[in-house]
Every structure is written in structure tokens, then in C-alpha cells.
Amino acid sequence: MTFSGFGEYAIDFFDGLVLDNTKAYWDDNKETYLRDVRAPMEALLLALEKEFGEGKVFRPYRDVRFAKDKTPYKDHCGAVIEKGRGGGAYYVQIGPEGLMVGGGSFHMASDQLARYRASVDAHGVLLRKIVDKLVKQGWTLAGDVMKSKPRGFADDHPHLDLLKHRSIYVRKVWEPDDALHEPECLDRVRRSWRQLRDLNAWCEYHVGVSEQPRR
């Protein structure tokens with residue numbers, strides 16, 4: 001399938017899902033999801049596969065086993081290309097806010113976090129340069145950040161703000177517009193992901209894939 005943009009009713013589908021996150025709404029609008037959201041997302045990944053690798057589209061169902069919010073469906077559709085969780089990822093998402101792209105370490109297990117902090121302590125200057133460059137290019141730095149400093153590091157550590165991250169990634173958002181439904185959407189994602197190469201390379205080398213068994 002050739003990617004030509006997300007379907008005409010992609011955003012409308014999610015706007016409706018936000019208002020009525022029920023199985024009844026999902027069943028009534030499933031064909032819209034498959035046609036205007038899921039199929040284009042799969043085509044987008046296929047168009048990017050040669051350059052970035054094979055990707056996967058996340059399931060639309062929420063894991064509500066331990067969540068206070070029991071709504072059954074995610075209010076967005078996300079997809080990722082990564083060699084292993086936490087070791088650098090290329091991410092794309094469509095939802096009510098429009099198109100979002102991101103990259104970095106979205107989750108770190110304890111062994112990954114230990115390697116991350118040791119690397120920031122020793123090589124934080126390089127990560128700082130990478131992050132600062134991305135911010136200047138319009139990216140927003142995000143992640144799970146501790147309020148206090150991690151144990152074992154000085155209060156005046158030059159990279160204390162980076163050490164506080166338990167996950168670290170950048171994101172960029174385009175509000176819904178005509179380009180979302182056109183081939184230009186592919187160009188947006190491709191250009192953005194190319195800017196993420198250095199960050200993901202740093203994450204792959206310094207954080208890597210977790211050696212702990214997944215639960």
C-alpha cells in the first residue's frame with residue numbers, strides 16, 4: 001500500500017472516541033479506524049522501513065488491569081521502530097492533537113537507568129549537545145523526571161537536570177491540517193526522524209536494550 005496521508009475522518013474518529021470511549025462507539029466506527037487510521041499508519045511505516053527499519057503499530061486497547069481509568073481504548077494510534085525497548089526509538093502518533101513524532105528512550109528498566117546515569121556522568125557533554133540542538137530545531141524535551149536528585153551525585157553536578165530523567169525523549173507536534181491527509185505527512189515524519197539519529201544512536205550505545213526479563 002502506498003501512503004497518501006491519513007484518511008479524511010481520522011481526527012473525527014478520535015474526537016468522537018474521546019467523548020464516547022465505549023465498545024458501542026468502537027464497534028460502530030471500527031471501519032473508519034481501520035480505513036482512515038490503521039491502514040495509513042501501516043503504509044507510513046512501510047514507506048519508512050528501508051531507511052529506518054521494520055516498525056509496529058500499537059494495539060488500540062488500553063491495559064486497564066491496574067489503572068484507575070477503565071476506559072477501554074487509547075485516544076490515539078501510535079507506531080514505533082526500535083531495536084529494543086528503551087534503547088532508542090522512532091515514534092509517530094496520530095490523535096486529537098494531530099500528528100506527533102518523537103524519539104529517544106521512552107522507558108528504562110533499572111539496568112538501563114543505571115547505564116544511562118553512568119554515561120551522563122561520564123559523557124553528559126555529548127548528550128547535552130544533542131539535546132540542545134534538537135530543542136533549537138523545535139523539539140520539546142520530555143520524559144519522567146525526578147523532583148529530587150538521584151543518590152550518589154553532587155548538588156552542583158553540571159548535568160544534574162539530565163541525571164534526574166528516568167526516561168528521556170523529545171517530541172514535536174503538528175496540529176491537524178491538510179498536510180495530515182496528504183503525502184506531505186510522510187515527508188514530515190521522515191525529515192523529523194532524520195534529526196533524531198544522533199539521539200537514538202546515543203541511547204542505543206549508552207543505554208542499550210535491557211538485560212532483565214520482561215514481566
# chains A, B, ... in the order shown; residues from 1 in each chain; ligands from 1
call {"tool": "residues_around", "arguments": {"residues": "Glu54 (chain A)", "least_positions_apart": "5", "cutoff": "8 Å", "atoms": "only C-alpha atoms", "output": "PyMOL selection string"}}
result
chain A and resi 45-46+49+81
call {"tool": "write_last_selection", "arguments": {"atoms": "C-alpha atoms", "output": "JSON list (two decimals), in the first residue's frame"}}
result
[["chain", "number", "residue", "atom", "x", "y", "z"],
["A", 45, "LEU", "CA", 5.76, 2.52, 8.38],
["A", 46, "LEU", "CA", 6.23, 0.52, 5.20],
["A", 49, "GLU", "CA", 11.11, 0.78, 6.55],
["A", 81, "ILE", "CA", 10.58, 1.50, 15.13]]
call {"tool": "residues_around", "arguments": {"residues": "Arg151 (chain A)", "least_positions_apart": "2", "cutoff": "12 Å", "atoms": "only C-alpha atoms", "output": "list in words"}}
result
Ala114, Arg117, Met146, Ser148, Lys149, Phe153, Ala154, Asp155, His157, Leu160, Leu163 and Lys164 of chain A
call {"tool": "select_by_dssp", "arguments": {"residues": "region 35-184 of chain A", "states": "alpha helix (DSSP H)", "output": "ChimeraX atom specification"}}
result
/A:39-52,110-136,160-163,184
call {"tool": "write_last_selection", "arguments": {"atoms": "C-alpha atoms", "output": "PDB file, in the first residue's frame"}}
result
ATOM      1  CA  ALA A  39      -4.192   1.167   7.233  1.00  0.00           C
ATOM      2  CA  PRO A  40      -2.470   4.544   6.587  1.00  0.00           C
ATOM      3  CA  MET A  41      -0.264   4.078   9.654  1.00  0.00           C
ATOM      4  CA  GLU A  42       0.850   0.674   8.367  1.00  0.00           C
ATOM      5  CA  ALA A  43       1.526   2.196   4.948  1.00  0.00           C
ATOM      6  CA  LEU A  44       3.531   5.003   6.568  1.00  0.00           C
ATOM      7  CA  LEU A  45       5.757   2.518   8.377  1.00  0.00           C
ATOM      8  CA  LEU A  46       6.230   0.521   5.202  1.00  0.00           C
ATOM      9  CA  ALA A  47       7.338   3.652   3.342  1.00  0.00           C
ATOM     10  CA  LEU A  48       9.937   4.355   6.051  1.00  0.00           C
ATOM     11  CA  GLU A  49      11.108   0.778   6.551  1.00  0.00           C
ATOM     12  CA  LYS A  50      14.002   0.806   4.087  1.00  0.00           C
ATOM     13  CA  GLU A  51      15.642   3.765   5.820  1.00  0.00           C
ATOM     14  CA  PHE A  52      14.751   3.181   9.476  1.00  0.00           C
ATOM     15  CA  SER A 110      16.617  -0.456  36.243  1.00  0.00           C
ATOM     16  CA  ASP A 111      19.708  -1.771  34.432  1.00  0.00           C
ATOM     17  CA  GLN A 112      19.181   0.700  31.594  1.00  0.00           C
ATOM     18  CA  LEU A 113      18.730   3.563  34.039  1.00  0.00           C
ATOM     19  CA  ALA A 114      21.984   2.648  35.776  1.00  0.00           C
ATOM     20  CA  ARG A 115      23.850   2.678  32.447  1.00  0.00           C
ATOM     21  CA  TYR A 116      22.146   5.948  31.465  1.00  0.00           C
ATOM     22  CA  ARG A 117      23.226   7.728  34.636  1.00  0.00           C
ATOM     23  CA  ALA A 118      26.765   6.401  34.458  1.00  0.00           C
ATOM     24  CA  SER A 119      27.001   7.602  30.850  1.00  0.00           C
ATOM     25  CA  VAL A 120      25.551  11.034  31.617  1.00  0.00           C
ATOM     26  CA  ASP A 121      28.022  11.332  34.488  1.00  0.00           C
ATOM     27  CA  ALA A 122      30.935  10.499  32.193  1.00  0.00           C
ATOM     28  CA  HIS A 123      29.722  11.706  28.772  1.00  0.00           C
ATOM     29  CA  GLY A 124      26.977  14.204  29.533  1.00  0.00           C
ATOM     30  CA  VAL A 125      28.521  16.877  27.341  1.00  0.00           C
ATOM     31  CA  LEU A 126      27.689  14.909  24.190  1.00  0.00           C
ATOM     32  CA  LEU A 127      24.090  14.247  25.228  1.00  0.00           C
ATOM     33  CA  ARG A 128      23.733  17.923  26.161  1.00  0.00           C
ATOM     34  CA  LYS A 129      24.876  18.994  22.700  1.00  0.00           C
ATOM     35  CA  ILE A 130      22.463  16.576  21.028  1.00  0.00           C
ATOM     36  CA  VAL A 131      19.502  17.689  23.135  1.00  0.00           C
ATOM     37  CA  ASP A 132      20.272  21.396  22.797  1.00  0.00           C
ATOM     38  CA  LYS A 133      20.478  21.074  19.022  1.00  0.00           C
ATOM     39  CA  LEU A 134      17.108  19.312  18.874  1.00  0.00           C
ATOM     40  CA  VAL A 135      15.468  21.953  21.069  1.00  0.00           C
ATOM     41  CA  LYS A 136      16.782  24.657  18.721  1.00  0.00           C
ATOM     42  CA  LEU A 160      22.081  17.198  37.142  1.00  0.00           C
ATOM     43  CA  ASP A 161      18.973  18.061  35.127  1.00  0.00           C
ATOM     44  CA  LEU A 162      19.737  15.195  32.717  1.00  0.00           C
ATOM     45  CA  LEU A 163      20.559  12.809  35.564  1.00  0.00           C
ATOM     46  CA  GLU A 184       3.458  15.579   2.731  1.00  0.00           C
TER      47      GLU A 184
END
call {"tool": "residues_around", "arguments": {"residues": "region 89-92 of chain A", "least_positions_apart": "5", "cutoff": "9 Å", "atoms": "only C-alpha atoms", "output": "MDAnalysis selection string"}}
result
chainID A and resid 41 52 55 77:84 99:106 169 171 189 193 196:197 200 203:204
call {"tool": "atom_distance", "arguments": {"atom1": "CA of Ala201 (chain A)", "atom2": "CA of Arg85 (chain A)"}}
result
13.7 Å
call {"tool": "residues_around", "arguments": {"residues": "Val18 (chain A)", "least_positions_apart": "5", "cutoff": "12 Å", "atoms": "only C-alpha atoms", "output": "PDB file with all heavy atoms, in the first residue's frame"}}
result
ATOM      1  N   ILE A  11      -9.144  12.208  12.406  1.00  0.00           N
ATOM      2  CA  ILE A  11      -9.241  13.037  13.609  1.00  0.00           C
ATOM      3  C   ILE A  11     -10.658  13.012  14.165  1.00  0.00           C
ATOM      4  O   ILE A  11     -10.859  12.964  15.389  1.00  0.00           O
ATOM      5  CB  ILE A  11      -8.794  14.476  13.307  1.00  0.00           C
ATOM      6  CG1 ILE A  11      -7.340  14.499  12.817  1.00  0.00           C
ATOM      7  CG2 ILE A  11      -8.935  15.344  14.557  1.00  0.00           C
ATOM      8  CD1 ILE A  11      -6.338  13.946  13.798  1.00  0.00           C
ATOM      9  N   ASP A  12     -11.646  13.036  13.281  1.00  0.00           N
ATOM     10  CA  ASP A  12     -13.040  12.949  13.744  1.00  0.00           C
ATOM     11  C   ASP A  12     -13.269  11.677  14.541  1.00  0.00           C
ATOM     12  O   ASP A  12     -13.998  11.681  15.545  1.00  0.00           O
ATOM     13  CB  ASP A  12     -13.993  12.983  12.550  1.00  0.00           C
ATOM     14  CG  ASP A  12     -14.019  14.337  11.871  1.00  0.00           C
ATOM     15  OD1 ASP A  12     -13.616  15.332  12.506  1.00  0.00           O
ATOM     16  OD2 ASP A  12     -14.437  14.402  10.695  1.00  0.00           O
ATOM     17  N   PHE A  13     -12.662  10.579  14.103  1.00  0.00           N
ATOM     18  CA  PHE A  13     -12.806   9.318  14.820  1.00  0.00           C
ATOM     19  C   PHE A  13     -12.315   9.453  16.256  1.00  0.00           C
ATOM     20  O   PHE A  13     -12.990   9.037  17.203  1.00  0.00           O
ATOM     21  CB  PHE A  13     -12.037   8.207  14.105  1.00  0.00           C
ATOM     22  CG  PHE A  13     -11.904   6.952  14.923  1.00  0.00           C
ATOM     23  CD1 PHE A  13     -12.952   6.043  14.997  1.00  0.00           C
ATOM     24  CD2 PHE A  13     -10.744   6.700  15.648  1.00  0.00           C
ATOM     25  CE1 PHE A  13     -12.845   4.891  15.777  1.00  0.00           C
ATOM     26  CE2 PHE A  13     -10.626   5.555  16.421  1.00  0.00           C
ATOM     27  CZ  PHE A  13     -11.680   4.648  16.489  1.00  0.00           C
ATOM     28  N   TYR A  25     -19.311   2.646  20.730  1.00  0.00           N
ATOM     29  CA  TYR A  25     -18.764   3.608  19.770  1.00  0.00           C
ATOM     30  C   TYR A  25     -17.722   2.929  18.889  1.00  0.00           C
ATOM     31  O   TYR A  25     -17.693   3.136  17.672  1.00  0.00           O
ATOM     32  CB  TYR A  25     -18.131   4.796  20.497  1.00  0.00           C
ATOM     33  CG  TYR A  25     -17.457   5.775  19.561  1.00  0.00           C
ATOM     34  CD1 TYR A  25     -18.165   6.807  18.980  1.00  0.00           C
ATOM     35  CD2 TYR A  25     -16.096   5.639  19.230  1.00  0.00           C
ATOM     36  CE1 TYR A  25     -17.549   7.692  18.089  1.00  0.00           C
ATOM     37  CE2 TYR A  25     -15.479   6.507  18.352  1.00  0.00           C
ATOM     38  CZ  TYR A  25     -16.211   7.529  17.786  1.00  0.00           C
ATOM     39  OH  TYR A  25     -15.604   8.388  16.900  1.00  0.00           O
ATOM     40  N   TRP A  26     -16.860   2.133  19.511  1.00  0.00           N
ATOM     41  CA  TRP A  26     -15.795   1.461  18.751  1.00  0.00           C
ATOM     42  C   TRP A  26     -16.382   0.555  17.673  1.00  0.00           C
ATOM     43  O   TRP A  26     -15.947   0.586  16.519  1.00  0.00           O
ATOM     44  CB  TRP A  26     -14.911   0.665  19.695  1.00  0.00           C
ATOM     45  CG  TRP A  26     -13.774  -0.009  18.989  1.00  0.00           C
ATOM     46  CD1 TRP A  26     -13.741  -1.264  18.481  1.00  0.00           C
ATOM     47  CD2 TRP A  26     -12.510   0.578  18.677  1.00  0.00           C
ATOM     48  NE1 TRP A  26     -12.533  -1.516  17.888  1.00  0.00           N
ATOM     49  CE2 TRP A  26     -11.759  -0.407  17.982  1.00  0.00           C
ATOM     50  CE3 TRP A  26     -11.936   1.819  18.918  1.00  0.00           C
ATOM     51  CZ2 TRP A  26     -10.463  -0.172  17.544  1.00  0.00           C
ATOM     52  CZ3 TRP A  26     -10.650   2.054  18.475  1.00  0.00           C
ATOM     53  CH2 TRP A  26      -9.922   1.073  17.791  1.00  0.00           C
ATOM     54  N   THR A  71     -11.378   3.230  30.898  1.00  0.00           N
ATOM     55  CA  THR A  71     -11.804   3.361  29.506  1.00  0.00           C
ATOM     56  C   THR A  71     -11.015   2.369  28.655  1.00  0.00           C
ATOM     57  O   THR A  71      -9.790   2.245  28.810  1.00  0.00           O
ATOM     58  CB  THR A  71     -11.588   4.787  28.982  1.00  0.00           C
ATOM     59  OG1 THR A  71     -10.248   5.213  29.269  1.00  0.00           O
ATOM     60  CG2 THR A  71     -12.567   5.751  29.641  1.00  0.00           C
ATOM     61  N   PRO A  72     -11.669   1.662  27.752  1.00  0.00           N
ATOM     62  CA  PRO A  72     -11.026   0.509  27.092  1.00  0.00           C
ATOM     63  C   PRO A  72     -10.092   0.829  25.932  1.00  0.00           C
ATOM     64  O   PRO A  72      -9.275  -0.012  25.570  1.00  0.00           O
ATOM     65  CB  PRO A  72     -12.228  -0.310  26.603  1.00  0.00           C
ATOM     66  CG  PRO A  72     -13.320   0.697  26.402  1.00  0.00           C
ATOM     67  CD  PRO A  72     -13.114   1.732  27.470  1.00  0.00           C
ATOM     68  N   TYR A  73     -10.203   2.035  25.332  1.00  0.00           N
ATOM     69  CA  TYR A  73      -9.457   2.288  24.092  1.00  0.00           C
ATOM     70  C   TYR A  73      -8.530   3.495  24.227  1.00  0.00           C
ATOM     71  O   TYR A  73      -8.861   4.492  24.882  1.00  0.00           O
ATOM     72  CB  TYR A  73     -10.423   2.515  22.926  1.00  0.00           C
ATOM     73  CG  TYR A  73     -11.373   1.374  22.728  1.00  0.00           C
ATOM     74  CD1 TYR A  73     -12.704   1.460  23.168  1.00  0.00           C
ATOM     75  CD2 TYR A  73     -10.960   0.182  22.137  1.00  0.00           C
ATOM     76  CE1 TYR A  73     -13.581   0.392  23.006  1.00  0.00           C
ATOM     77  CE2 TYR A  73     -11.826  -0.885  21.977  1.00  0.00           C
ATOM     78  CZ  TYR A  73     -13.138  -0.774  22.417  1.00  0.00           C
ATOM     79  OH  TYR A  73     -14.003  -1.834  22.264  1.00  0.00           O
ATOM     80  N   LYS A  74      -7.378   3.408  23.597  1.00  0.00           N
ATOM     81  CA  LYS A  74      -6.453   4.536  23.553  1.00  0.00           C
ATOM     82  C   LYS A  74      -7.046   5.640  22.678  1.00  0.00           C
ATOM     83  O   LYS A  74      -7.675   5.350  21.653  1.00  0.00           O
ATOM     84  CB  LYS A  74      -5.109   4.093  22.974  1.00  0.00           C
ATOM     85  CG  LYS A  74      -4.399   3.029  23.798  1.00  0.00           C
ATOM     86  CD  LYS A  74      -3.146   2.543  23.083  1.00  0.00           C
ATOM     87  CE  LYS A  74      -2.461   1.423  23.844  1.00  0.00           C
ATOM     88  NZ  LYS A  74      -1.292   0.871  23.112  1.00  0.00           N
ATOM     89  N   ASP A  75      -6.802   6.883  23.049  1.00  0.00           N
ATOM     90  CA  ASP A  75      -7.340   8.009  22.274  1.00  0.00           C
ATOM     91  C   ASP A  75      -6.366   8.469  21.199  1.00  0.00           C
ATOM     92  O   ASP A  75      -6.383   9.621  20.777  1.00  0.00           O
ATOM     93  CB  ASP A  75      -7.706   9.172  23.201  1.00  0.00           C
ATOM     94  CG  ASP A  75      -6.499   9.742  23.944  1.00  0.00           C
ATOM     95  OD1 ASP A  75      -5.377   9.222  23.756  1.00  0.00           O
ATOM     96  OD2 ASP A  75      -6.690  10.700  24.714  1.00  0.00           O
ATOM     97  N   HIS A  76      -5.506   7.560  20.744  1.00  0.00           N
ATOM     98  CA  HIS A  76      -4.550   7.854  19.684  1.00  0.00           C
ATOM     99  C   HIS A  76      -4.098   6.526  19.077  1.00  0.00           C
ATOM    100  O   HIS A  76      -4.355   5.460  19.641  1.00  0.00           O
ATOM    101  CB  HIS A  76      -3.340   8.609  20.233  1.00  0.00           C
ATOM    102  CG  HIS A  76      -2.596   7.841  21.286  1.00  0.00           C
ATOM    103  ND1 HIS A  76      -2.925   7.918  22.628  1.00  0.00           N
ATOM    104  CD2 HIS A  76      -1.573   6.954  21.212  1.00  0.00           C
ATOM    105  CE1 HIS A  76      -2.135   7.121  23.325  1.00  0.00           C
ATOM    106  NE2 HIS A  76      -1.300   6.521  22.479  1.00  0.00           N
ATOM    107  N   GLY A  95      -3.655  11.507  16.675  1.00  0.00           N
ATOM    108  CA  GLY A  95      -4.721  11.580  17.663  1.00  0.00           C
ATOM    109  C   GLY A  95      -5.391  12.937  17.597  1.00  0.00           C
ATOM    110  O   GLY A  95      -5.179  13.703  16.644  1.00  0.00           O
ATOM    111  N   PRO A  96      -6.183  13.277  18.598  1.00  0.00           N
ATOM    112  CA  PRO A  96      -6.907  14.542  18.578  1.00  0.00           C
ATOM    113  C   PRO A  96      -6.008  15.771  18.434  1.00  0.00           C
ATOM    114  O   PRO A  96      -6.416  16.769  17.839  1.00  0.00           O
ATOM    115  CB  PRO A  96      -7.636  14.555  19.923  1.00  0.00           C
ATOM    116  CG  PRO A  96      -7.768  13.120  20.298  1.00  0.00           C
ATOM    117  CD  PRO A  96      -6.529  12.458  19.766  1.00  0.00           C
ATOM    118  N   GLU A  97      -4.776  15.695  18.977  1.00  0.00           N
ATOM    119  CA  GLU A  97      -3.880  16.846  18.895  1.00  0.00           C
ATOM    120  C   GLU A  97      -3.234  16.968  17.524  1.00  0.00           C
ATOM    121  O   GLU A  97      -2.589  17.981  17.234  1.00  0.00           O
ATOM    122  CB  GLU A  97      -2.801  16.772  19.969  1.00  0.00           C
ATOM    123  CG  GLU A  97      -1.823  15.619  19.807  1.00  0.00           C
ATOM    124  CD  GLU A  97      -0.735  15.622  20.869  1.00  0.00           C
ATOM    125  OE1 GLU A  97      -0.585  16.641  21.575  1.00  0.00           O
ATOM    126  OE2 GLU A  97      -0.043  14.607  20.999  1.00  0.00           O
TER     127      GLU A  97
END
call {"tool": "select_by_dssp", "arguments": {"residues": "region 83-212 of chain A", "states": "strand (DSSP E or B)", "output": "PyMOL selection string"}}
result
chain A and resi 89-95+98-105+140-142+145+165+168-174
call {"tool": "write_last_selection", "arguments": {"atoms": "C-alpha atoms", "output": "PDB file, in the first residue's frame"}}
result
ATOM      1  CA  ALA A  89      13.151   4.640  19.249  1.00  0.00           C
ATOM      2  CA  TYR A  90      11.496   6.417  16.349  1.00  0.00           C
ATOM      3  CA  TYR A  91       7.877   7.108  17.256  1.00  0.00           C
ATOM      4  CA  VAL A  92       4.867   8.515  15.389  1.00  0.00           C
ATOM      5  CA  GLN A  93       1.331   9.081  16.621  1.00  0.00           C
ATOM      6  CA  ILE A  94      -1.964  10.417  15.330  1.00  0.00           C
ATOM      7  CA  GLY A  95      -4.721  11.580  17.663  1.00  0.00           C
ATOM      8  CA  GLY A  98      -2.799  15.993  15.343  1.00  0.00           C
ATOM      9  CA  LEU A  99       0.485  14.381  14.301  1.00  0.00           C
ATOM     10  CA  MET A 100       3.184  13.745  16.902  1.00  0.00           C
ATOM     11  CA  VAL A 101       6.681  12.407  16.319  1.00  0.00           C
ATOM     12  CA  GLY A 102       9.281  11.559  18.924  1.00  0.00           C
ATOM     13  CA  GLY A 103      12.457   9.705  19.686  1.00  0.00           C
ATOM     14  CA  GLY A 104      14.790   8.623  22.475  1.00  0.00           C
ATOM     15  CA  SER A 105      14.415   6.293  25.448  1.00  0.00           C
ATOM     16  CA  THR A 140      10.443  19.594  23.167  1.00  0.00           C
ATOM     17  CA  LEU A 141      12.479  17.658  25.719  1.00  0.00           C
ATOM     18  CA  ALA A 142      10.289  15.319  27.786  1.00  0.00           C
ATOM     19  CA  VAL A 145      11.866  13.425  35.686  1.00  0.00           C
ATOM     20  CA  HIS A 165      15.494  11.781  33.937  1.00  0.00           C
ATOM     21  CA  ILE A 168      14.334  10.859  28.131  1.00  0.00           C
ATOM     22  CA  TYR A 169      12.904  11.673  24.736  1.00  0.00           C
ATOM     23  CA  VAL A 170      11.937  14.574  22.504  1.00  0.00           C
ATOM     24  CA  ARG A 171       8.644  15.240  20.776  1.00  0.00           C
ATOM     25  CA  LYS A 172       7.208  17.516  18.100  1.00  0.00           C
ATOM     26  CA  VAL A 173       3.541  18.107  17.255  1.00  0.00           C
ATOM     27  CA  TRP A 174       1.655  19.430  14.250  1.00  0.00           C
TER      28      TRP A 174
END
call {"tool": "closest_residue", "arguments": {"among": "A:Gln137, A:Cys185, A:Arg166, A:Arg194", "to": "Pro150 (chain A)", "atoms": "only C-alpha atoms"}}
result
A:Arg166
call {"tool": "atom_distance", "arguments": {"atom1": "CA of Trp139 (chain A)", "atom2": "CA of Ser167 (chain A)"}}
result
16.0 Å
call {"tool": "closest_residue", "arguments": {"among": "A:Gly138, A:Arg65, A:Gly208, A:Glu175", "to": "Gln195 (chain A)", "atoms": "only C-alpha atoms"}}
result
A:Gly138
call {"tool": "closest_residue", "arguments": {"among": "A:Gly16, A:Gly53, A:Gly7, A:Gly87", "to": "Leu34 (chain A)", "atoms": "only C-alpha atoms"}}
result
A:Gly7
call {"tool": "atom_distance", "arguments": {"atom1": "CA of Tyr61 (chain A)", "atom2": "CA of Asp36 (chain A)"}}
result
17.4 Å
